[in-house]
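First comes the structure, then the notes that go with it.
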Amino acid sequence: MEGSHKMLLKLAYKNIRGNGWRSLINMIILAIVLTGMIWMQSMYRSWINLAEKQIIDWEVVKGHYQHKNYEPYDLYSWEKSLAPIPETMKEAIAANKAVPILLSPATIYPQGRSTPVLVKGIEPTQSTMKIPAIELKSANGNSHPGTAGTFLPAMIGTSMARSSRLKEGDVLSLRLRNIHGAFDAADIIITHIMKSPVPSLDVGTVWMDIAHLQELKDAPGFASLIVIGEEELGRKQFSEFKYMSPKDLLADFARIKETESSQQVIMFVILIFLAMIAIFDTQVLAVFKRRKEIGTLIALGMTKKEIISLFTLEGVLYSLFAIVLTAILGFPLFYYYAVVGFAMPEGFEGFEMAGLSEPIKFYYDPMVVIGCILLLVGFTALFSWIPVSRIARLKATDALRGKLK
(Lines give C-alpha, C1' and ligand atoms only; values in the text may rest on other atoms or scores of the structure.)
Protein backbone atom coordinates (compact mmCIF):
# COMPACT_ATOMS: atom_id res chain seq x y z
CA MET A 1 0.00 0.00 0.00
CA GLU A 2 2.81 2.39 0.88
CA GLY A 3 4.54 1.59 -2.42
CA SER A 4 1.33 2.34 -4.27
CA HIS A 5 1.08 5.75 -2.60
CA LYS A 6 4.68 6.58 -3.49
CA MET A 7 4.08 5.54 -7.07
CA LEU A 8 0.98 7.77 -7.31
CA LEU A 9 2.88 10.67 -5.82
CA LYS A 10 5.80 10.29 -8.26
CA LEU A 11 3.43 9.92 -11.20
CA ALA A 12 1.39 12.98 -10.14
CA TYR A 13 4.58 15.04 -9.79
CA LYS A 14 5.80 13.87 -13.20
CA ASN A 15 2.48 14.82 -14.80
CA ILE A 16 2.60 18.29 -13.26
CA ARG A 17 6.12 18.81 -14.58
CA GLY A 18 5.00 17.56 -17.97
CA ASN A 19 2.27 20.20 -18.14
CA GLY A 20 4.97 22.91 -18.16
CA TRP A 21 3.64 26.45 -18.27
CA ARG A 22 0.05 25.39 -17.56
CA SER A 23 1.13 24.01 -14.21
CA LEU A 24 3.10 27.15 -13.37
CA ILE A 25 0.17 29.39 -14.28
CA ASN A 26 -2.15 27.35 -12.05
CA MET A 27 0.32 27.60 -9.17
CA ILE A 28 0.64 31.36 -9.63
CA ILE A 29 -3.15 31.77 -9.67
CA LEU A 30 -3.50 29.72 -6.48
CA ALA A 31 -0.62 31.65 -4.87
CA ILE A 32 -2.28 34.98 -5.71
CA VAL A 33 -5.59 33.76 -4.27
CA LEU A 34 -3.92 32.47 -1.09
CA THR A 35 -1.95 35.71 -0.70
CA GLY A 36 -5.15 37.71 -1.13
CA MET A 37 -7.02 35.60 1.41
CA ILE A 38 -4.29 35.92 4.05
CA TRP A 39 -3.82 39.64 3.31
CA MET A 40 -7.53 40.44 3.53
CA GLN A 41 -8.08 38.46 6.73
CA SER A 42 -5.01 40.00 8.35
CA MET A 43 -6.05 43.52 7.38
CA TYR A 44 -9.57 42.96 8.70
CA ARG A 45 -8.43 41.44 12.00
CA SER A 46 -5.66 44.00 12.46
CA TRP A 47 -8.12 46.84 11.87
CA ILE A 48 -10.56 45.31 14.36
CA ASN A 49 -7.81 44.95 16.98
CA LEU A 50 -6.54 48.51 16.40
CA ALA A 51 -10.02 50.06 16.47
CA GLU A 52 -10.99 48.14 19.59
CA LYS A 53 -7.79 49.20 21.37
CA GLN A 54 -8.32 52.83 20.40
CA ILE A 55 -11.91 52.85 21.63
CA ILE A 56 -10.90 51.23 24.91
CA ASP A 57 -7.91 53.53 25.50
CA TRP A 58 -9.68 56.75 24.53
CA GLU A 59 -13.25 56.20 25.64
CA VAL A 60 -14.27 52.92 27.30
CA VAL A 61 -11.26 52.04 29.53
CA LYS A 62 -12.67 49.60 32.16
CA GLY A 63 -16.30 50.66 31.82
CA HIS A 64 -18.63 53.55 32.59
CA TYR A 65 -21.12 54.50 35.23
CA GLN A 66 -23.81 56.25 33.20
CA HIS A 67 -26.67 58.27 34.56
CA LYS A 68 -29.82 56.14 34.53
CA ASN A 69 -31.55 58.53 32.09
CA TYR A 70 -28.66 58.69 29.63
CA GLU A 71 -29.22 57.33 26.12
CA PRO A 72 -26.33 57.95 23.71
CA TYR A 73 -28.62 58.39 20.69
CA ASP A 74 -31.38 60.36 22.40
CA LEU A 75 -30.60 64.08 22.36
CA TYR A 76 -33.46 64.85 24.74
CA SER A 77 -32.07 62.56 27.43
CA TRP A 78 -28.85 64.51 27.74
CA GLU A 79 -30.40 67.51 29.49
CA LYS A 80 -31.66 65.37 32.37
CA SER A 81 -28.74 62.95 32.47
CA LEU A 82 -26.78 64.35 35.39
CA ALA A 83 -26.62 63.80 39.12
CA PRO A 84 -24.23 64.49 42.01
CA ILE A 85 -21.11 62.32 41.93
CA PRO A 86 -21.53 59.51 44.51
CA GLU A 87 -19.43 60.00 47.62
CA THR A 88 -17.86 56.56 47.31
CA MET A 89 -16.52 57.48 43.85
CA LYS A 90 -14.92 60.76 44.87
CA GLU A 91 -11.97 58.97 46.45
CA ALA A 92 -11.29 57.04 43.24
CA ILE A 93 -11.57 60.27 41.24
CA ALA A 94 -9.12 62.01 43.57
CA ALA A 95 -6.70 59.08 43.13
CA ASN A 96 -7.02 59.37 39.32
CA LYS A 97 -8.61 55.93 39.08
CA ALA A 98 -11.82 57.36 37.61
CA VAL A 99 -12.84 60.49 35.75
CA PRO A 100 -16.26 62.19 35.80
CA ILE A 101 -17.67 63.65 32.59
CA LEU A 102 -20.53 66.12 32.41
CA LEU A 103 -22.59 66.36 29.22
CA SER A 104 -24.70 69.24 27.98
CA PRO A 105 -26.34 70.05 24.63
CA ALA A 106 -25.30 73.53 23.57
CA THR A 107 -25.04 75.89 20.62
CA ILE A 108 -21.87 77.58 19.43
CA TYR A 109 -21.66 80.58 17.11
CA PRO A 110 -18.49 80.38 14.98
CA GLN A 111 -18.23 83.32 12.56
CA GLY A 112 -21.85 84.18 13.31
CA ARG A 113 -23.14 80.72 12.38
CA SER A 114 -25.32 78.68 14.72
CA THR A 115 -24.03 75.11 15.26
CA PRO A 116 -25.51 72.61 17.73
CA VAL A 117 -22.89 70.68 19.69
CA LEU A 118 -22.48 68.41 22.67
CA VAL A 119 -20.30 69.96 25.36
CA LYS A 120 -18.33 67.51 27.48
CA GLY A 121 -16.74 68.60 30.70
CA ILE A 122 -13.67 66.69 31.88
CA GLU A 123 -11.06 67.10 34.61
CA PRO A 124 -7.91 68.57 32.96
CA THR A 125 -5.54 66.58 35.18
CA GLN A 126 -7.10 63.19 34.43
CA SER A 127 -4.96 60.36 33.04
CA THR A 128 -7.54 57.57 32.98
CA MET A 129 -8.39 58.25 29.33
CA LYS A 130 -5.97 59.17 26.54
CA ILE A 131 -7.81 62.44 25.92
CA PRO A 132 -5.25 65.29 26.21
CA ALA A 133 -7.43 67.16 28.71
CA ILE A 134 -4.37 68.94 30.12
CA GLU A 135 -4.68 71.34 27.16
CA LEU A 136 -7.70 72.80 28.95
CA LYS A 137 -5.32 74.25 31.56
CA SER A 138 -3.99 76.70 28.98
CA ALA A 139 -2.97 80.09 30.32
CA ASN A 140 -5.11 81.67 27.59
CA GLY A 141 -8.21 80.80 29.54
CA ASN A 142 -9.65 82.09 32.78
CA SER A 143 -11.09 79.99 35.56
CA HIS A 144 -13.87 82.45 36.37
CA PRO A 145 -16.71 82.18 33.84
CA GLY A 146 -18.72 85.27 33.13
CA THR A 147 -15.90 87.73 33.74
CA ALA A 148 -15.88 90.40 31.06
CA GLY A 149 -13.04 90.14 28.59
CA THR A 150 -12.01 86.60 29.56
CA PHE A 151 -12.49 83.32 27.72
CA LEU A 152 -12.92 79.74 28.83
CA PRO A 153 -10.44 77.22 27.34
CA ALA A 154 -12.07 74.68 25.05
CA MET A 155 -10.83 71.83 22.90
CA ILE A 156 -12.23 70.27 19.74
CA GLY A 157 -11.20 67.41 17.44
CA THR A 158 -9.80 67.61 13.93
CA SER A 159 -13.09 66.56 12.33
CA MET A 160 -15.02 69.15 14.33
CA ALA A 161 -12.44 71.80 13.41
CA ARG A 162 -12.78 70.92 9.74
CA SER A 163 -16.59 70.97 9.70
CA SER A 164 -16.90 74.19 11.73
CA ARG A 165 -13.84 75.87 10.15
CA LEU A 166 -12.31 76.59 13.53
CA LYS A 167 -8.64 76.73 14.48
CA GLU A 168 -6.55 77.24 17.59
CA GLY A 169 -6.94 80.72 19.03
CA ASP A 170 -10.46 81.29 17.64
CA VAL A 171 -12.92 82.88 20.03
CA LEU A 172 -16.64 82.16 19.86
CA SER A 173 -19.76 82.22 21.98
CA LEU A 174 -21.38 79.19 23.55
CA ARG A 175 -24.93 79.02 24.86
CA LEU A 176 -26.49 76.25 26.94
CA ARG A 177 -29.36 75.63 29.35
CA ASN A 178 -28.64 75.14 33.06
CA ILE A 179 -30.39 72.67 35.34
CA HIS A 180 -33.08 75.27 36.16
CA GLY A 181 -34.07 75.66 32.52
CA ALA A 182 -32.52 79.12 32.09
CA PHE A 183 -30.05 79.87 29.32
CA ASP A 184 -26.49 80.86 30.10
CA ALA A 185 -23.66 81.84 27.79
CA ALA A 186 -19.91 82.23 27.81
CA ASP A 187 -17.12 83.09 25.42
CA ILE A 188 -14.71 80.23 24.74
CA ILE A 189 -11.32 80.09 23.08
CA ILE A 190 -10.08 77.06 21.18
CA THR A 191 -6.81 76.18 22.90
CA HIS A 192 -6.16 72.85 21.21
CA ILE A 193 -7.20 70.81 18.17
CA MET A 194 -7.22 67.21 19.36
CA LYS A 195 -6.35 64.40 16.97
CA SER A 196 -8.52 61.57 18.25
CA PRO A 197 -8.94 58.23 16.44
CA VAL A 198 -12.40 57.79 18.02
CA PRO A 199 -15.06 59.82 16.13
CA SER A 200 -17.51 59.88 19.06
CA LEU A 201 -15.03 62.06 20.97
CA ASP A 202 -14.64 64.43 18.06
CA VAL A 203 -17.68 64.85 15.80
CA GLY A 204 -19.98 67.61 17.04
CA THR A 205 -18.17 67.77 20.39
CA VAL A 206 -16.62 70.59 22.40
CA TRP A 207 -14.51 69.75 25.46
CA MET A 208 -14.27 72.01 28.51
CA ASP A 209 -12.94 71.91 32.04
CA ILE A 210 -15.68 70.14 34.00
CA ALA A 211 -15.51 72.81 36.72
CA HIS A 212 -16.36 75.51 34.16
CA LEU A 213 -19.24 73.49 32.73
CA GLN A 214 -20.61 72.69 36.18
CA GLU A 215 -20.62 76.41 36.98
CA LEU A 216 -22.34 77.31 33.71
CA LYS A 217 -25.02 74.69 34.37
CA ASP A 218 -25.25 75.64 38.04
CA ALA A 219 -24.58 71.99 38.88
CA PRO A 220 -21.53 71.85 41.18
CA GLY A 221 -20.31 68.29 41.78
CA PHE A 222 -22.58 66.84 39.07
CA ALA A 223 -21.63 64.37 36.34
CA SER A 224 -23.31 62.41 33.57
CA LEU A 225 -20.73 59.66 33.24
CA ILE A 226 -17.95 58.31 35.39
CA VAL A 227 -15.24 56.49 33.45
CA ILE A 228 -13.42 53.97 35.64
CA GLY A 229 -9.82 52.87 35.25
CA GLU A 230 -9.96 49.72 37.39
CA GLU A 231 -12.31 46.75 37.09
CA GLU A 232 -12.89 46.58 40.86
CA LEU A 233 -14.65 49.94 40.74
CA GLY A 234 -17.33 48.42 38.51
CA ARG A 235 -18.80 46.39 41.38
CA LYS A 236 -20.43 49.32 43.13
CA GLN A 237 -24.17 50.03 43.09
CA PHE A 238 -25.66 53.53 42.84
CA SER A 239 -29.24 54.70 42.65
CA GLU A 240 -28.60 57.38 40.00
CA PHE A 241 -25.90 55.63 37.95
CA LYS A 242 -25.85 52.28 36.16
CA TYR A 243 -22.70 50.36 35.34
CA MET A 244 -21.90 49.63 31.70
CA SER A 245 -19.16 47.08 31.10
CA PRO A 246 -16.71 47.35 28.17
CA LYS A 247 -18.72 44.61 26.43
CA ASP A 248 -21.90 46.68 26.74
CA LEU A 249 -20.18 49.82 25.48
CA LEU A 250 -18.62 47.98 22.53
CA ALA A 251 -21.93 46.40 21.44
CA ASP A 252 -22.27 48.75 18.44
CA PHE A 253 -18.72 47.97 17.39
CA ALA A 254 -19.49 44.24 17.66
CA ARG A 255 -22.33 44.70 15.17
CA ILE A 256 -19.95 46.46 12.77
CA LYS A 257 -17.61 43.47 13.07
CA GLU A 258 -20.46 41.12 12.14
CA THR A 259 -21.25 43.20 9.04
CA GLU A 260 -17.62 43.28 7.98
CA SER A 261 -17.33 39.51 8.55
CA SER A 262 -20.13 38.85 6.06
CA GLN A 263 -18.33 41.00 3.49
CA GLN A 264 -15.15 39.01 4.08
CA VAL A 265 -17.04 35.78 3.37
CA ILE A 266 -18.29 37.19 0.05
CA MET A 267 -14.76 38.16 -0.98
CA PHE A 268 -13.49 34.71 0.05
CA VAL A 269 -16.12 33.03 -2.11
CA ILE A 270 -15.16 35.18 -5.12
CA LEU A 271 -11.44 34.45 -4.73
CA ILE A 272 -11.98 30.73 -4.23
CA PHE A 273 -14.33 30.62 -7.21
CA LEU A 274 -11.71 32.22 -9.48
CA ALA A 275 -9.03 29.79 -8.32
CA MET A 276 -11.25 26.74 -8.67
CA ILE A 277 -12.20 27.66 -12.23
CA ALA A 278 -8.52 27.39 -13.17
CA ILE A 279 -8.11 24.04 -11.41
CA PHE A 280 -11.38 22.63 -12.76
CA ASP A 281 -10.57 23.61 -16.35
CA THR A 282 -7.08 22.12 -16.06
CA GLN A 283 -8.37 18.81 -14.75
CA VAL A 284 -11.16 18.59 -17.33
CA LEU A 285 -8.60 19.20 -20.07
CA ALA A 286 -6.26 16.63 -18.53
CA VAL A 287 -8.99 13.99 -18.47
CA PHE A 288 -9.84 14.71 -22.13
CA LYS A 289 -6.23 14.72 -23.38
CA ARG A 290 -5.08 11.76 -21.30
CA ARG A 291 -7.99 9.38 -21.93
CA LYS A 292 -5.74 6.82 -23.66
CA GLU A 293 -3.26 7.07 -20.80
CA ILE A 294 -6.10 6.37 -18.38
CA GLY A 295 -7.11 3.29 -20.40
CA THR A 296 -3.54 2.04 -20.43
CA LEU A 297 -3.23 2.45 -16.65
CA ILE A 298 -6.47 0.56 -16.12
CA ALA A 299 -5.30 -2.18 -18.50
CA LEU A 300 -2.01 -2.44 -16.58
CA GLY A 301 -3.93 -3.16 -13.39
CA MET A 302 -4.33 0.21 -11.74
CA THR A 303 -7.70 0.41 -10.02
CA LYS A 304 -10.18 3.11 -10.92
CA LYS A 305 -9.96 4.40 -7.33
CA GLU A 306 -6.18 4.84 -7.75
CA ILE A 307 -6.66 6.72 -11.02
CA ILE A 308 -9.13 9.08 -9.34
CA SER A 309 -6.64 9.48 -6.49
CA LEU A 310 -3.91 10.27 -9.03
CA PHE A 311 -5.83 13.18 -10.56
CA THR A 312 -6.97 14.42 -7.17
CA LEU A 313 -3.38 14.23 -5.89
CA GLU A 314 -2.24 16.34 -8.83
CA GLY A 315 -4.69 19.05 -7.78
CA VAL A 316 -3.49 18.89 -4.17
CA LEU A 317 0.13 19.17 -5.34
CA TYR A 318 -0.81 22.31 -7.26
CA SER A 319 -2.03 23.87 -4.01
CA LEU A 320 1.03 22.67 -2.04
CA PHE A 321 3.41 24.18 -4.59
CA ALA A 322 1.27 27.35 -4.50
CA ILE A 323 1.78 27.53 -0.73
CA VAL A 324 5.56 27.45 -1.24
CA LEU A 325 5.23 30.08 -3.95
CA THR A 326 3.13 32.24 -1.62
CA ALA A 327 5.78 32.02 1.11
CA ILE A 328 8.48 33.12 -1.35
CA LEU A 329 6.68 35.80 -3.37
CA GLY A 330 4.27 36.97 -0.67
CA PHE A 331 6.80 37.42 2.14
CA PRO A 332 7.95 40.94 1.07
CA LEU A 333 4.30 42.04 0.94
CA PHE A 334 3.45 40.50 4.31
CA TYR A 335 6.59 41.93 5.91
CA TYR A 336 5.99 45.43 4.54
CA TYR A 337 2.46 45.67 5.92
CA ALA A 338 3.52 44.19 9.26
CA VAL A 339 6.27 46.80 9.72
CA VAL A 340 5.07 49.88 7.82
CA GLY A 341 1.34 49.21 7.93
CA PHE A 342 -1.52 49.95 5.57
CA ALA A 343 -2.45 53.63 5.48
CA MET A 344 -6.08 54.26 4.59
CA PRO A 345 -6.54 56.46 1.51
CA GLU A 346 -7.37 60.09 2.06
CA GLY A 347 -11.04 60.63 2.73
CA PHE A 348 -11.65 57.45 4.71
CA GLU A 349 -11.83 59.50 7.91
CA GLY A 350 -15.18 60.66 6.61
CA PHE A 351 -16.58 57.22 7.47
CA GLU A 352 -16.25 58.24 11.14
CA MET A 353 -15.01 54.87 12.34
CA ALA A 354 -12.21 54.08 14.76
CA GLY A 355 -9.02 52.49 13.43
CA LEU A 356 -8.87 54.49 10.19
CA SER A 357 -6.79 57.46 11.33
CA GLU A 358 -3.40 55.72 11.46
CA PRO A 359 -1.64 53.00 9.44
CA ILE A 360 -2.90 49.50 10.22
CA LYS A 361 0.04 47.26 11.04
CA PHE A 362 -0.86 43.73 10.10
CA TYR A 363 -0.82 40.86 12.55
CA TYR A 364 -0.79 37.42 10.95
CA ASP A 365 -2.68 35.08 13.23
CA PRO A 366 -1.24 31.55 12.76
CA MET A 367 -4.73 30.05 13.02
CA VAL A 368 -6.01 32.35 10.26
CA VAL A 369 -3.07 31.48 8.00
CA ILE A 370 -3.56 27.74 8.61
CA GLY A 371 -7.30 28.11 8.04
CA CYS A 372 -6.75 29.83 4.67
CA ILE A 373 -4.27 27.13 3.62
CA LEU A 374 -6.60 24.28 4.60
CA LEU A 375 -9.50 25.98 2.82
CA LEU A 376 -7.50 26.31 -0.39
CA VAL A 377 -6.16 22.76 -0.27
CA GLY A 378 -9.61 21.34 0.51
CA PHE A 379 -11.36 23.14 -2.35
CA THR A 380 -8.53 22.31 -4.76
CA ALA A 381 -8.83 18.63 -3.89
CA LEU A 382 -12.61 18.76 -4.33
CA PHE A 383 -12.52 20.52 -7.70
CA SER A 384 -9.79 18.16 -8.87
CA TRP A 385 -11.88 15.15 -7.93
CA ILE A 386 -15.14 16.27 -9.58
CA PRO A 387 -13.97 16.09 -13.26
CA VAL A 388 -12.45 12.61 -12.81
CA SER A 389 -15.11 11.08 -10.59
CA ARG A 390 -16.86 9.48 -13.57
CA ILE A 391 -13.72 7.45 -14.36
CA ALA A 392 -15.08 4.92 -11.88
CA ARG A 393 -17.67 3.98 -14.53
CA LEU A 394 -15.14 3.80 -17.36
CA LYS A 395 -14.17 0.56 -19.17
CA ALA A 396 -10.52 0.03 -20.11
CA THR A 397 -11.41 -0.81 -23.74
CA ASP A 398 -13.38 2.43 -24.11
CA ALA A 399 -10.56 4.49 -22.62
CA LEU A 400 -8.01 2.91 -24.95
CA ARG A 401 -10.21 3.91 -27.90
CA GLY A 402 -10.32 7.47 -26.51
CA LYS A 403 -13.90 7.28 -25.29
CA LEU A 404 -14.88 8.74 -21.91
CA LYS A 405 -18.57 7.77 -21.93
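Here's how to read the names in the C-alpha coordinates: chain A, B, ... by the order shown, residue numbers from 1 in each chain, ligand numbers from 1 in the order shown.
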Secondary structure check, alpha helix (DSSP H) residues of range 97-274 of chain A, as a ChimeraX atom specification: /A:158-164,210-216,246-249,251-274
Near range 360-362 of chain A, within 10 Å and counting only C-alpha atoms, which residues show up once chain neighbours fewer than 5 positions away are dropped, as a PyMOL selection string? chain A and resi 39-51+334-344+355
From a DSSP pass on the backbone, collect the residues of range 69-294 of chain A flagged as strand (DSSP E or B) and hand them back as JSON, numbers by chain. {"A": [83, 84, 98, 99, 100, 101, 102, 103, 104, 105, 106, 107, 108, 109, 115, 116, 117, 118, 119, 120, 121, 122, 152, 153, 154, 155, 156, 157, 171, 172, 173, 174, 175, 176, 177, 183, 184, 185, 186, 187, 188, 189, 190, 191, 192, 193, 194, 205, 206, 207, 208, 209, 222, 223, 225, 226, 227, 228, 241, 242, 243, 244]}
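The interatomic distance for the pair CA of Met194 in chain A and CA of Ala92 in chain A works out to 26.3 Å.
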Smallest atom-to-atom distance to Ile270 in chain A: which of A:Val206, A:Gln54, A:Val33, A:Leu225, using only C-alpha atoms?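 Among the listed residues, A:Val33 lies closest to Ile270 in chain A.
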Please indicate the distance in Å from CA of Ile228 in chain A to CA of Ile122 in chain A, rounded to one decimal place.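 A separation of 13.3 Å between them.
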Give me the residues within 7 Å of Ala98 in chain A as a PyMOL selection string, counting only C-alpha atoms and dropping any in the same chain fewer than 3 places off. chain A and resi 92-93+128+226-229
Keeping only N, CA and C atoms, take the residues you just selected and write them out as a PDB file, in the first residue's frame.
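Printed below is out_0.pdb as written:
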```pdb
ATOM      1  N   ALA A  92     -11.907  57.600  44.449  1.00  0.00           N
ATOM      2  CA  ALA A  92     -11.289  57.043  43.242  1.00  0.00           C
ATOM      3  C   ALA A  92     -10.953  58.145  42.244  1.00  0.00           C
ATOM      4  N   ILE A  93     -11.822  59.154  42.147  1.00  0.00           N
ATOM      5  CA  ILE A  93     -11.572  60.273  41.243  1.00  0.00           C
ATOM      6  C   ILE A  93     -10.356  61.062  41.710  1.00  0.00           C
ATOM      7  N   THR A 128      -6.847  58.842  33.180  1.00  0.00           N
ATOM      8  CA  THR A 128      -7.542  57.569  32.978  1.00  0.00           C
ATOM      9  C   THR A 128      -7.783  57.309  31.500  1.00  0.00           C
ATOM     10  N   ILE A 226     -19.185  58.478  34.625  1.00  0.00           N
ATOM     11  CA  ILE A 226     -17.945  58.308  35.389  1.00  0.00           C
ATOM     12  C   ILE A 226     -17.184  57.162  34.725  1.00  0.00           C
ATOM     13  N   VAL A 227     -16.066  57.490  34.123  1.00  0.00           N
ATOM     14  CA  VAL A 227     -15.239  56.485  33.450  1.00  0.00           C
ATOM     15  C   VAL A 227     -14.271  55.917  34.471  1.00  0.00           C
ATOM     16  N   ILE A 228     -14.270  54.595  34.621  1.00  0.00           N
ATOM     17  CA  ILE A 228     -13.425  53.970  35.640  1.00  0.00           C
ATOM     18  C   ILE A 228     -12.184  53.361  34.992  1.00  0.00           C
ATOM     19  N   GLY A 229     -11.084  53.391  35.747  1.00  0.00           N
ATOM     20  CA  GLY A 229      -9.821  52.868  35.251  1.00  0.00           C
ATOM     21  C   GLY A 229      -9.428  51.537  35.848  1.00  0.00           C
TER      22      GLY A 229
END
```
Point-to-point distance from CA of Val377 in chain A to CA of Phe268 in chain A, Å rounded to tenths: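 Computing it gives 14.0 Å between the two atoms.
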